[in-house]
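As stored in upload36.pdb (PDB, C-alpha atoms and all ligand atoms):
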```pdb
ATOM      1  CA  MET A 289     -55.899-108.464  69.080
ATOM      2  CA  ALA A 290     -57.000-111.333  66.780
ATOM      3  CA  GLU A 291     -60.343-111.421  64.989
ATOM      4  CA  CYS A 292     -62.723-110.240  67.729
ATOM      5  CA  LYS A 293     -66.385-111.200  67.544
ATOM      6  CA  GLU A 294     -67.682-108.142  69.316
ATOM      7  CA  SER A 295     -70.816-109.727  70.723
ATOM      8  CA  THR A 296     -69.060-112.799  72.118
ATOM      9  CA  SER A 297     -67.720-113.121  75.642
ATOM     10  CA  CYS A 298     -63.956-113.772  75.881
ATOM     11  CA  SER A 299     -64.689-116.908  77.938
ATOM     12  CA  THR A 300     -66.314-118.591  74.901
ATOM     13  CA  CYS A 301     -64.305-116.916  72.110
ATOM     14  CA  GLY A 302     -61.907-119.124  70.137
ATOM     15  CA  SER A 303     -59.560-116.183  69.447
ATOM     16  CA  ALA A 304     -59.318-114.911  73.023
ATOM     17  CA  SER A 305     -55.987-116.656  73.710
ATOM     18  CA  SER A 306     -54.229-114.162  71.428
ATOM     19  CA  CYS A 307     -55.636-111.124  73.302
ATOM     20  CA  SER A 308     -53.853-109.410  76.167
ATOM     21  CA  VAL A 309     -55.366-109.304  79.652
ATOM     22  CA  ASP A 310     -56.069-105.586  79.204
ATOM     23  CA  GLU A 311     -57.805-106.151  75.871
ATOM     24  CA  LYS A 312     -59.975-108.872  77.364
ATOM     25  CA  GLN A 313     -60.864-106.722  80.369
ATOM     26  CA  ARG A 314     -61.793-103.770  78.179
ATOM     27  CA  HIS A 315     -63.868-105.956  75.883
ATOM     28  CA  GLU A 316     -65.719-107.571  78.801
ATOM     29  CA  GLN A 317     -66.450-104.138  80.337
ATOM     30  CA  GLU A 318     -67.824-102.950  76.984
ATOM     31  CA  LEU A 319     -70.039-106.028  76.733
ATOM     32  CA  LEU A 320     -71.332-105.449  80.256
ATOM     33  CA  ALA A 321     -72.082-101.781  79.593
ATOM     34  CA  LYS A 322     -73.887-102.716  76.373
ATOM     35  CA  LYS A 323     -75.972-105.344  78.160
ATOM     36  CA  LEU A 324     -76.928-102.891  80.902
ATOM     37  CA  GLU A 325     -78.092-100.385  78.268
ATOM     38  CA  SER A 326     -80.895-102.770  77.306
ATOM     39  CA  ILE A 327     -82.143-103.127  80.897
ATOM     40  CA  ASP A 328     -84.335-100.171  81.866
ATOM     41  CA  HIS A 329     -84.746-100.780  85.610
ATOM     42  CA  ARG A 330     -82.721-102.889  88.062
ATOM     43  CA  LEU A 331     -84.107-103.829  91.452
ATOM     44  CA  ALA A 332     -82.627-105.903  94.269
ATOM     45  CA  VAL A 333     -84.808-107.784  96.746
ATOM     46  CA  MET A 334     -83.022-108.068 100.109
ATOM     47  CA  SER A 335     -83.698-109.189 103.660
ATOM     48  CA  GLY A 336     -81.781-109.035 106.905
ATOM     49  CA  LYS A 337     -82.390-112.716 107.606
ATOM     50  CA  GLY A 338     -83.649-115.851 105.896
ATOM     51  CA  GLY A 339     -87.164-117.232 105.987
ATOM     52  CA  VAL A 340     -89.005-113.900 105.881
ATOM     53  CA  GLY A 341     -90.339-114.481 102.349
ATOM     54  CA  LYS A 342     -87.741-112.573 100.301
ATOM     55  CA  THR A 343     -87.772-115.080  97.413
ATOM     56  CA  THR A 344     -91.567-115.306  97.561
ATOM     57  CA  VAL A 345     -91.727-111.524  97.161
ATOM     58  CA  ALA A 346     -89.120-111.505  94.342
ATOM     59  CA  VAL A 347     -90.958-114.229  92.388
ATOM     60  CA  ASN A 348     -94.441-112.761  92.813
ATOM     61  CA  LEU A 349     -93.151-109.266  92.070
ATOM     62  CA  GLY A 350     -91.621-110.548  88.829
ATOM     63  CA  VAL A 351     -94.738-112.462  87.795
ATOM     64  CA  THR A 352     -96.999-109.492  88.610
ATOM     65  CA  LEU A 353     -94.853-107.137  86.510
ATOM     66  CA  ALA A 354     -94.816-109.650  83.634
ATOM     67  CA  ARG A 355     -98.605-109.971  83.845
ATOM     68  CA  GLU A 356     -98.778-106.196  83.499
ATOM     69  CA  GLY A 357     -97.191-106.691  80.062
ATOM     70  CA  LEU A 358     -93.607-105.740  80.929
ATOM     71  CA  ASN A 359     -90.463-107.633  79.912
ATOM     72  CA  VAL A 360     -89.022-109.013  83.128
ATOM     73  CA  GLY A 361     -85.824-110.868  84.038
ATOM     74  CA  LEU A 362     -85.328-112.527  87.414
ATOM     75  CA  MET A 363     -81.729-113.165  88.446
ATOM     76  CA  ASP A 364     -81.425-115.513  91.417
ATOM     77  CA  VAL A 365     -78.068-114.771  93.048
ATOM     78  CA  ASP A 366     -78.840-116.635  96.263
ATOM     79  CA  ILE A 367     -75.923-118.868  95.309
ATOM     80  CA  HIS A 368     -76.035-121.075  98.415
ATOM     81  CA  GLY A 369     -79.819-121.437  98.525
ATOM     82  CA  PRO A 370     -81.311-120.794  95.094
ATOM     83  CA  ASN A 371     -85.064-121.318  95.521
ATOM     84  CA  VAL A 372     -86.481-119.259  92.656
ATOM     85  CA  PRO A 373     -86.644-122.227  90.200
ATOM     86  CA  LYS A 374     -88.463-124.412  92.742
ATOM     87  CA  MET A 375     -91.084-121.700  93.308
ATOM     88  CA  LEU A 376     -91.640-121.396  89.554
ATOM     89  CA  GLY A 377     -91.747-125.142  88.854
ATOM     90  CA  ILE A 378     -88.649-125.014  86.606
ATOM     91  CA  GLU A 379     -86.038-126.604  88.867
ATOM     92  CA  THR A 380     -85.210-129.463  86.473
ATOM     93  CA  ARG A 381     -84.299-127.063  83.648
ATOM     94  CA  ARG A 382     -80.656-126.350  82.712
ATOM     95  CA  LEU A 383     -79.041-123.302  81.128
ATOM     96  CA  GLU A 384     -77.867-123.774  77.552
ATOM     97  CA  GLY A 385     -75.653-121.809  75.196
ATOM     98  CA  SER A 386     -77.092-120.226  72.088
ATOM     99  CA  GLU A 387     -75.643-120.786  68.599
ATOM    100  CA  GLN A 388     -75.337-117.001  68.245
ATOM    101  CA  GLY A 389     -73.280-116.872  71.455
ATOM    102  CA  GLY A 390     -74.235-116.201  75.055
ATOM    103  CA  ILE A 391     -76.431-118.185  77.434
ATOM    104  CA  ASN A 392     -80.171-118.459  77.017
ATOM    105  CA  PRO A 393     -82.136-117.749  80.211
ATOM    106  CA  ILE A 394     -85.011-120.059  81.125
ATOM    107  CA  GLU A 395     -88.246-118.668  79.719
ATOM    108  CA  VAL A 396     -91.200-118.995  82.109
ATOM    109  CA  PHE A 397     -93.344-116.911  79.757
ATOM    110  CA  PRO A 398     -92.077-115.145  76.631
ATOM    111  CA  ASN A 399     -91.754-111.924  78.692
ATOM    112  CA  PHE A 400     -90.475-113.503  81.923
ATOM    113  CA  LYS A 401     -86.985-115.023  81.988
ATOM    114  CA  VAL A 402     -84.941-116.486  84.823
ATOM    115  CA  VAL A 403     -81.340-117.416  85.625
ATOM    116  CA  SER A 404     -80.256-119.177  88.788
ATOM    117  CA  MET A 405     -77.353-121.106  90.255
ATOM    118  CA  ALA A 406     -79.841-123.980  90.602
ATOM    119  CA  PHE A 407     -79.775-124.442  86.799
ATOM    120  CA  LEU A 408     -76.039-125.162  87.001
ATOM    121  CA  LEU A 409     -76.007-127.684  89.842
ATOM    122  CA  GLN A 410     -75.625-131.439  89.354
ATOM    123  CA  ASP A 411     -77.873-132.144  92.319
ATOM    124  CA  ARG A 412     -79.604-130.054  94.960
ATOM    125  CA  ASP A 413     -78.066-131.801  97.985
ATOM    126  CA  THR A 414     -74.430-130.861  97.382
ATOM    127  CA  PRO A 415     -73.567-127.503  98.959
ATOM    128  CA  VAL A 416     -71.867-124.809  96.888
ATOM    129  CA  VAL A 417     -68.548-123.930  98.554
ATOM    130  CA  TRP A 418     -67.462-120.761  96.798
ATOM    131  CA  ARG A 419     -65.516-117.739  97.929
ATOM    132  CA  GLY A 420     -66.254-114.137  96.954
ATOM    133  CA  PRO A 421     -64.271-113.879  93.661
ATOM    134  CA  LEU A 422     -66.042-116.902  92.141
ATOM    135  CA  LYS A 423     -69.427-115.538  93.161
ATOM    136  CA  HIS A 424     -68.463-112.182  91.659
ATOM    137  CA  SER A 425     -67.629-113.721  88.286
ATOM    138  CA  LEU A 426     -70.882-115.725  88.257
ATOM    139  CA  ILE A 427     -72.875-112.549  88.920
ATOM    140  CA  GLN A 428     -70.974-110.781  86.156
ATOM    141  CA  GLN A 429     -71.717-113.657  83.746
ATOM    142  CA  PHE A 430     -75.393-113.678  84.716
ATOM    143  CA  VAL A 431     -75.627-110.087  83.521
ATOM    144  CA  LYS A 432     -73.120-109.951  80.687
ATOM    145  CA  ASP A 433     -73.358-113.359  79.008
ATOM    146  CA  VAL A 434     -77.095-114.016  79.317
ATOM    147  CA  ASN A 435     -79.282-113.255  76.296
ATOM    148  CA  TRP A 436     -81.845-111.212  78.217
ATOM    149  CA  GLY A 437     -83.006-109.126  75.253
ATOM    150  CA  HIS A 438     -84.620-105.821  76.170
ATOM    151  CA  LEU A 439     -85.873-105.823  79.761
ATOM    152  CA  ASP A 440     -88.159-103.299  81.421
ATOM    153  CA  TYR A 441     -87.192-104.753  84.800
ATOM    154  CA  LEU A 442     -84.369-106.941  86.059
ATOM    155  CA  ILE A 443     -85.161-108.221  89.556
ATOM    156  CA  ILE A 444     -82.283-109.602  91.589
ATOM    157  CA  ASP A 445     -83.036-112.017  94.410
ATOM    158  CA  LEU A 446     -80.129-111.577  96.839
ATOM    159  CA  PRO A 447     -79.241-113.956  99.659
ATOM    160  CA  PRO A 448     -80.200-112.788 103.163
ATOM    161  CA  GLY A 449     -77.785-110.588 105.082
ATOM    162  CA  THR A 450     -74.892-108.388 104.123
ATOM    163  CA  GLY A 451     -72.369-110.684 102.401
ATOM    164  CA  ASP A 452     -70.409-110.834  99.137
ATOM    165  CA  GLU A 453     -73.318-111.085  96.708
ATOM    166  CA  PRO A 454     -74.925-107.654  97.312
ATOM    167  CA  LEU A 455     -71.470-106.076  97.115
ATOM    168  CA  SER A 456     -70.791-107.749  93.768
ATOM    169  CA  VAL A 457     -74.217-106.845  92.405
ATOM    170  CA  ALA A 458     -73.671-103.195  93.334
ATOM    171  CA  GLN A 459     -70.244-103.264  91.632
ATOM    172  CA  VAL A 460     -71.325-105.112  88.470
ATOM    173  CA  ILE A 461     -74.597-103.225  88.000
ATOM    174  CA  ASN A 462     -73.343 -99.817  88.953
ATOM    175  CA  LYS A 463     -76.642 -98.069  88.349
ATOM    176  CA  MET A 464     -79.207 -99.888  90.464
ATOM    177  CA  ASP A 465     -82.653 -98.286  90.681
ATOM    178  CA  GLY A 466     -82.930 -99.483  94.242
ATOM    179  CA  SER A 467     -83.556-102.174  96.818
ATOM    180  CA  ILE A 468     -86.745-103.625  98.251
ATOM    181  CA  ILE A 469     -86.288-104.831 101.810
ATOM    182  CA  VAL A 470     -88.513-107.659 102.999
ATOM    183  CA  THR A 471     -89.158-108.156 106.692
ATOM    184  CA  THR A 472     -91.631-109.868 108.984
ATOM    185  CA  PRO A 473     -93.243-107.825 111.778
ATOM    186  CA  GLN A 474     -91.390-109.259 114.810
ATOM    187  CA  ASP A 475     -88.775-107.101 116.512
ATOM    188  CA  VAL A 476     -85.923-109.555 115.751
ATOM    189  CA  ALA A 477     -86.622-109.421 112.018
ATOM    190  CA  LEU A 478     -87.050-105.659 112.087
ATOM    191  CA  LEU A 479     -83.681-105.241 113.751
ATOM    192  CA  ASP A 480     -82.043-107.089 110.853
ATOM    193  CA  SER A 481     -84.010-105.159 108.246
ATOM    194  CA  ARG A 482     -82.632-101.906 109.687
ATOM    195  CA  LYS A 483     -79.149-103.286 108.907
ATOM    196  CA  SER A 484     -80.262-103.965 105.331
ATOM    197  CA  VAL A 485     -81.383-100.348 104.933
ATOM    198  CA  THR A 486     -78.012 -99.082 106.183
ATOM    199  CA  PHE A 487     -76.145-101.596 104.015
ATOM    200  CA  SER A 488     -78.085-100.622 100.905
ATOM    201  CA  ARG A 489     -77.288 -96.964 101.532
ATOM    202  CA  GLN A 490     -73.606 -97.814 102.053
ATOM    203  CA  LEU A 491     -73.610 -99.504  98.645
ATOM    204  CA  GLN A 492     -75.160 -96.334  97.167
ATOM    205  CA  VAL A 493     -78.251 -98.327  96.204
ATOM    206  CA  PRO A 494     -81.366 -96.232  96.935
ATOM    207  CA  VAL A 495     -83.891 -97.908  99.240
ATOM    208  CA  ILE A 496     -87.197 -98.198  97.395
ATOM    209  CA  GLY A 497     -88.885 -99.285 100.588
ATOM    210  CA  ILE A 498     -89.840-101.959 103.087
ATOM    211  CA  VAL A 499     -92.355-104.767 102.543
ATOM    212  CA  GLU A 500     -93.888-106.328 105.642
ATOM    213  CA  ASN A 501     -94.516-109.981 104.835
ATOM    214  CA  MET A 502     -96.432-112.496 106.971
ATOM    215  CA  SER A 503     -98.368-109.582 108.357
ATOM    216  CA  GLY A 504    -101.391-111.202 110.022
ATOM    217  CA  LEU A 505    -102.898-114.589 109.151
ATOM    218  CA  ILE A 506    -106.035-114.917 107.065
ATOM    219  CA  CYS A 507    -107.988-117.725 108.781
ATOM    220  CA  PRO A 508    -108.722-120.353 106.105
ATOM    221  CA  HIS A 509    -112.033-121.165 107.851
ATOM    222  CA  CYS A 510    -113.623-117.801 108.551
ATOM    223  CA  GLY A 511    -111.490-115.428 106.413
ATOM    224  CA  LYS A 512    -110.788-113.140 109.403
ATOM    225  CA  GLU A 513    -107.304-111.840 110.209
ATOM    226  CA  ILE A 514    -105.244-113.113 113.166
ATOM    227  CA  ASP A 515    -102.129-111.111 114.164
ATOM    228  CA  LEU A 516     -99.842-114.148 114.417
ATOM    229  CA  PHE A 517     -96.491-112.309 114.306
ATOM    230  CA  LYS A 518     -97.895-108.866 115.214
ATOM    231  CA  VAL A 519     -98.558-106.274 112.504
ATOM    232  CA  GLY A 520     -97.335-102.767 111.765
ATOM    233  CA  GLY A 521     -93.641-103.236 112.645
ATOM    234  CA  GLY A 522     -92.533-102.784 109.022
ATOM    235  CA  ARG A 523     -94.431 -99.510 108.680
ATOM    236  CA  LYS A 524     -93.018 -98.249 111.988
ATOM    237  CA  ALA A 525     -89.440 -99.198 110.947
ATOM    238  CA  SER A 526     -89.889 -97.456 107.587
ATOM    239  CA  GLN A 527     -91.044 -94.278 109.349
ATOM    240  CA  GLU A 528     -88.090 -94.380 111.752
ATOM    241  CA  LEU A 529     -85.613 -94.966 108.930
ATOM    242  CA  GLY A 530     -87.201 -92.427 106.592
ATOM    243  CA  VAL A 531     -87.851 -94.895 103.745
ATOM    244  CA  PRO A 532     -91.156 -95.604 101.985
ATOM    245  CA  PHE A 533     -93.457 -98.362 103.190
ATOM    246  CA  LEU A 534     -94.441-100.485 100.202
ATOM    247  CA  GLY A 535     -97.186-102.639 101.708
ATOM    248  CA  SER A 536     -98.139-105.567 103.956
ATOM    249  CA  ILE A 537     -98.635-109.090 102.679
ATOM    250  CA  PRO A 538    -100.693-111.349 104.938
ATOM    251  CA  ILE A 539     -99.841-114.940 105.776
ATOM    252  CA  ASP A 540    -101.818-117.149 103.445
ATOM    253  CA  PRO A 541    -101.355-120.950 103.688
ATOM    254  CA  GLU A 542    -101.933-121.129  99.912
ATOM    255  CA  ILE A 543     -98.624-119.283  99.403
ATOM    256  CA  VAL A 544     -96.762-122.222 100.985
ATOM    257  CA  GLN A 545     -98.735-124.761  98.945
ATOM    258  CA  ASP A 546     -98.140-122.870  95.705
ATOM    259  CA  SER A 547     -94.425-122.302  96.391
ATOM    260  CA  ASP A 548     -93.962-126.009  97.078
ATOM    261  CA  ARG A 549     -95.733-127.092  93.902
ATOM    262  CA  GLY A 550     -94.005-124.464  91.759
ATOM    263  CA  ALA A 551     -97.044-122.370  90.869
ATOM    264  CA  PRO A 552     -96.694-118.587  91.242
ATOM    265  CA  PHE A 553     -99.268-117.582  93.866
ATOM    266  CA  VAL A 554    -100.369-114.348  92.173
ATOM    267  CA  MET A 555    -101.389-116.385  89.105
ATOM    268  CA  SER A 556    -103.192-119.206  90.853
ATOM    269  CA  HIS A 557    -104.956-116.975  93.427
ATOM    270  CA  PRO A 558    -105.268-113.595  91.685
ATOM    271  CA  ASP A 559    -108.320-112.511  93.708
ATOM    272  CA  SER A 560    -106.920-113.349  97.152
ATOM    273  CA  LYS A 561    -106.120-110.635  99.673
ATOM    274  CA  ALA A 562    -102.413-111.535  99.507
ATOM    275  CA  ALA A 563    -102.320-111.270  95.683
ATOM    276  CA  GLN A 564    -104.006-107.859  95.929
ATOM    277  CA  ALA A 565    -101.333-106.894  98.470
ATOM    278  CA  PHE A 566     -98.591-107.942  95.999
ATOM    279  CA  LYS A 567    -100.264-105.726  93.376
ATOM    280  CA  GLU A 568    -100.200-102.795  95.780
ATOM    281  CA  VAL A 569     -96.474-103.376  96.423
ATOM    282  CA  VAL A 570     -95.829-103.477  92.661
ATOM    283  CA  LYS A 571     -97.813-100.253  92.193
ATOM    284  CA  ASN A 572     -95.682 -98.516  94.826
ATOM    285  CA  VAL A 573     -92.428 -99.894  93.397
ATOM    286  CA  ARG A 574     -93.358 -98.744  89.888
ATOM    287  CA  ALA A 575     -94.314 -95.305  91.179
ATOM    288  CA  PHE A 576     -90.900 -95.025  92.860
ATOM    289  CA  VAL A 577     -88.871 -96.288  89.922
ATOM    290  CA  GLU A 578     -90.790 -94.709  87.084
ATOM    291  CA  GLN A 579     -91.256 -91.288  88.792
ATOM    292  CA  PRO A 580     -87.893 -90.812  90.484
ATOM    293  CA  GLU A 581     -88.365 -87.061  91.014
ATOM    294  CA  LYS A 582     -91.030 -87.800  93.644
ATOM    295  CA  ASN A 583     -88.694 -89.935  95.693
ATOM    296  CA  ALA A 584     -85.591 -87.873  96.201
ATOM    297  CA  ALA A 585     -86.797 -86.906  99.693
ATOM    298  CA  SER A 586     -86.703 -90.483 101.018
ATOM    299  CA  GLN A 587     -83.020 -91.025 100.181
ATOM    300  CA  ALA A 588     -81.427 -89.090 103.033
TER     301      ALA A 588
HETATM  302  P1  LIG B 601     -86.617-116.283 102.201
HETATM  303  O1  LIG B 601     -86.339-116.069 100.744
HETATM  304  O2  LIG B 601     -86.699-114.996 102.969
HETATM  305  O3  LIG B 601     -85.713-117.273 102.861
HETATM  306  P2  LIG B 601     -88.957-117.709 101.262
HETATM  307  O4  LIG B 601     -89.508-116.794 100.237
HETATM  308  O5  LIG B 601     -88.181-118.897 100.806
HETATM  309  O6  LIG B 601     -88.090-116.903 102.328
HETATM  310  O7  LIG B 601     -90.170-118.152 102.176
HETATM  311  C1  LIG B 601     -90.009-119.054 103.260
HETATM  312  C2  LIG B 601     -91.289-119.878 103.406
HETATM  313  O8  LIG B 601     -92.361-119.031 103.812
HETATM  314  C3  LIG B 601     -91.736-120.538 102.122
HETATM  315  O9  LIG B 601     -92.253-121.813 102.415
HETATM  316  C4  LIG B 601     -92.855-119.620 101.608
HETATM  317  O10 LIG B 601     -93.816-120.340 100.858
HETATM  318  C5  LIG B 601     -93.465-119.150 102.920
HETATM  319  N1  LIG B 601     -94.088-117.810 102.815
HETATM  320  C6  LIG B 601     -93.519-116.669 102.383
HETATM  321  N2  LIG B 601     -94.395-115.650 102.472
HETATM  322  C7  LIG B 601     -95.550-116.165 102.960
HETATM  323  C8  LIG B 601     -96.835-115.622 103.283
HETATM  324  N3  LIG B 601     -97.109-114.334 103.117
HETATM  325  N4  LIG B 601     -97.780-116.488 103.762
HETATM  326  C9  LIG B 601     -97.500-117.791 103.944
HETATM  327  N5  LIG B 601     -96.328-118.353 103.678
HETATM  328  C10 LIG B 601     -95.353-117.556 103.184
END
```
Before we go any further, please render this structure as structure tokens.
Amino acid sequence: MAECKESTSCSTCGSASSCSVDEKQRHEQELLAKKLESIDHRLAVMSGKGGVGKTTVAVNLGVTLAREGLNVGLMDVDIHGPNVPKMLGIETRRLEGSEQGGINPIEVFPNFKVVSMAFLLQDRDTPVVWRGPLKHSLIQQFVKDVNWGHLDYLIIDLPPGTGDEPLSVAQVINKMDGSIIVTTPQDVALLDSRKSVTFSRQLQVPVIGIVENMSGLICPHCGKEIDLFKVGGGRKASQELGVPFLGSIPIDPEIVQDSDRGAPFVMSHPDSKAAQAFKEVVKNVRAFVEQPEKNAASQA
């Protein structure tokens, strides 16, 4: 093996051509393991289908944790529909290499960093046509080659359903703390969220719990709650499946407005009922992750 800069990925190393395939593989695995050592907790946000507010939950979860003073990374691996940057108002930013090696994530605040496929695209209208192996290597690079620094939490926004990306995440990050499954209260969404619970268990990723999003509408005129898509289905599904229920987030029209203008809702409306609900979800997630002994019973 030629002069090996230990902290540099083989893909950007000038000497890598003189290394054997085995040497490169071993070096990359070492780099990955080293990177994972500096990430205390790893959470995936999943949903059985699109449009239930998975990315909204991932973004507001990340911002809430960062506002609690923790170092947070948000990895958007919804490769075909990366919406995290839009929701954070950073969609025009691009990832850049650092002089010391590696890729610098986009810093939303000093303790909240993001990577996304959206930062690599020429334009948002061209679809990404990638098969599994390419997606796998992107996910690996997002962990291994990104200069995350020390993270208390890495949150991974997965695409909806049970495709390649969750499989790759479970393989690359072999010690996940768990998954958060987002659903809406209608029966059709709940049916899909049951699949997510089973899938997560198949991947040996513990289920932290279910979040019921769009649970009742807060009337913007009178402030009362209207059960637009029913309520309580998420709690019922969590009881049936034997996983914790993490909380209900109401429909709030301000969430749509804020997502569209790239302002994290929990920052612009911290006193709203929905922001309080996000806080409750974060409290339950932290209790699960930071006190694992209490949660062994829910991982049948
Ligand atoms: P997914 O990631 O599941 O596809 P998104 O997070 O992109 O879903 O949300 C889909 C749309 O629903 C977005 O316009 C978002 O602003 C809106 N939305 C999500 N949660 C809520 C909520 N609790 N109240 C109102 N609108 C919401």
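For the set A:Lys323, A:Arg330, A:Arg412, A:Lys374, the residue with the smallest atom-to-atom gap to Thr343 of chain A is A:Lys374, counting all atoms listed in the file.
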Just want the residues within 8 Å of ligand LIG 601 (chain B), written as a PDB file with C-alpha atoms, in the frame of the given file, counting all atoms listed in the file.
```pdb
ATOM      1  CA  SER A 335     -83.698-109.189 103.660  1.00  0.00           C
ATOM      2  CA  LYS A 337     -82.390-112.716 107.606  1.00  0.00           C
ATOM      3  CA  GLY A 338     -83.649-115.851 105.896  1.00  0.00           C
ATOM      4  CA  GLY A 339     -87.164-117.232 105.987  1.00  0.00           C
ATOM      5  CA  VAL A 340     -89.005-113.900 105.881  1.00  0.00           C
ATOM      6  CA  GLY A 341     -90.339-114.481 102.349  1.00  0.00           C
ATOM      7  CA  LYS A 342     -87.741-112.573 100.301  1.00  0.00           C
ATOM      8  CA  THR A 343     -87.772-115.080  97.413  1.00  0.00           C
ATOM      9  CA  THR A 344     -91.567-115.306  97.561  1.00  0.00           C
ATOM     10  CA  VAL A 345     -91.727-111.524  97.161  1.00  0.00           C
ATOM     11  CA  ALA A 346     -89.120-111.505  94.342  1.00  0.00           C
ATOM     12  CA  ASN A 371     -85.064-121.318  95.521  1.00  0.00           C
ATOM     13  CA  PRO A 447     -79.241-113.956  99.659  1.00  0.00           C
ATOM     14  CA  PRO A 448     -80.200-112.788 103.163  1.00  0.00           C
ATOM     15  CA  VAL A 470     -88.513-107.659 102.999  1.00  0.00           C
ATOM     16  CA  ASN A 501     -94.516-109.981 104.835  1.00  0.00           C
ATOM     17  CA  MET A 502     -96.432-112.496 106.971  1.00  0.00           C
ATOM     18  CA  SER A 503     -98.368-109.582 108.357  1.00  0.00           C
ATOM     19  CA  LEU A 505    -102.898-114.589 109.151  1.00  0.00           C
ATOM     20  CA  ILE A 537     -98.635-109.090 102.679  1.00  0.00           C
ATOM     21  CA  PRO A 538    -100.693-111.349 104.938  1.00  0.00           C
ATOM     22  CA  ILE A 539     -99.841-114.940 105.776  1.00  0.00           C
ATOM     23  CA  ASP A 540    -101.818-117.149 103.445  1.00  0.00           C
ATOM     24  CA  PRO A 541    -101.355-120.950 103.688  1.00  0.00           C
ATOM     25  CA  GLU A 542    -101.933-121.129  99.912  1.00  0.00           C
ATOM     26  CA  ILE A 543     -98.624-119.283  99.403  1.00  0.00           C
ATOM     27  CA  VAL A 544     -96.762-122.222 100.985  1.00  0.00           C
ATOM     28  CA  GLN A 545     -98.735-124.761  98.945  1.00  0.00           C
ATOM     29  CA  ASP A 546     -98.140-122.870  95.705  1.00  0.00           C
ATOM     30  CA  SER A 547     -94.425-122.302  96.391  1.00  0.00           C
ATOM     31  CA  ASP A 548     -93.962-126.009  97.078  1.00  0.00           C
ATOM     32  CA  ALA A 562    -102.413-111.535  99.507  1.00  0.00           C
TER      33      ALA A 562
END
```
Residue nearest His368 of chain A - candidates A:Glu453, A:Glu384, A:Asp559, A:Asp465, atoms counted: all atoms listed in the file =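 Closest to His368 of chain A, using all atoms listed in the file: A:Glu453.
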inquiry  = Can you translate the PyMOL selection byres (((chain A and resi 427) around 8) and not hetatm) into the concrete residues it hits in this file, as number ranges by chain?
reply    = A: 365, 423-426, 428-431, 453, 456-457, 460
ask   = Which distance in Å separates atom CA of Met464 of chain A and atom CA of Val333 of chain A, to one decimal?
value =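 Computing the Euclidean distance for atom CA of Met464 of chain A and atom CA of Val333 of chain A yields 11.5 Å.
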message = Can you spell out as a PyMOL selection string the set of residues that the PyMOL selection byres (((chain A and resi 493-495) around 8) and not hetatm) selects in the structure I just provided?
response = chain A and resi 458+464-469+485+488-492+496-497+531+587
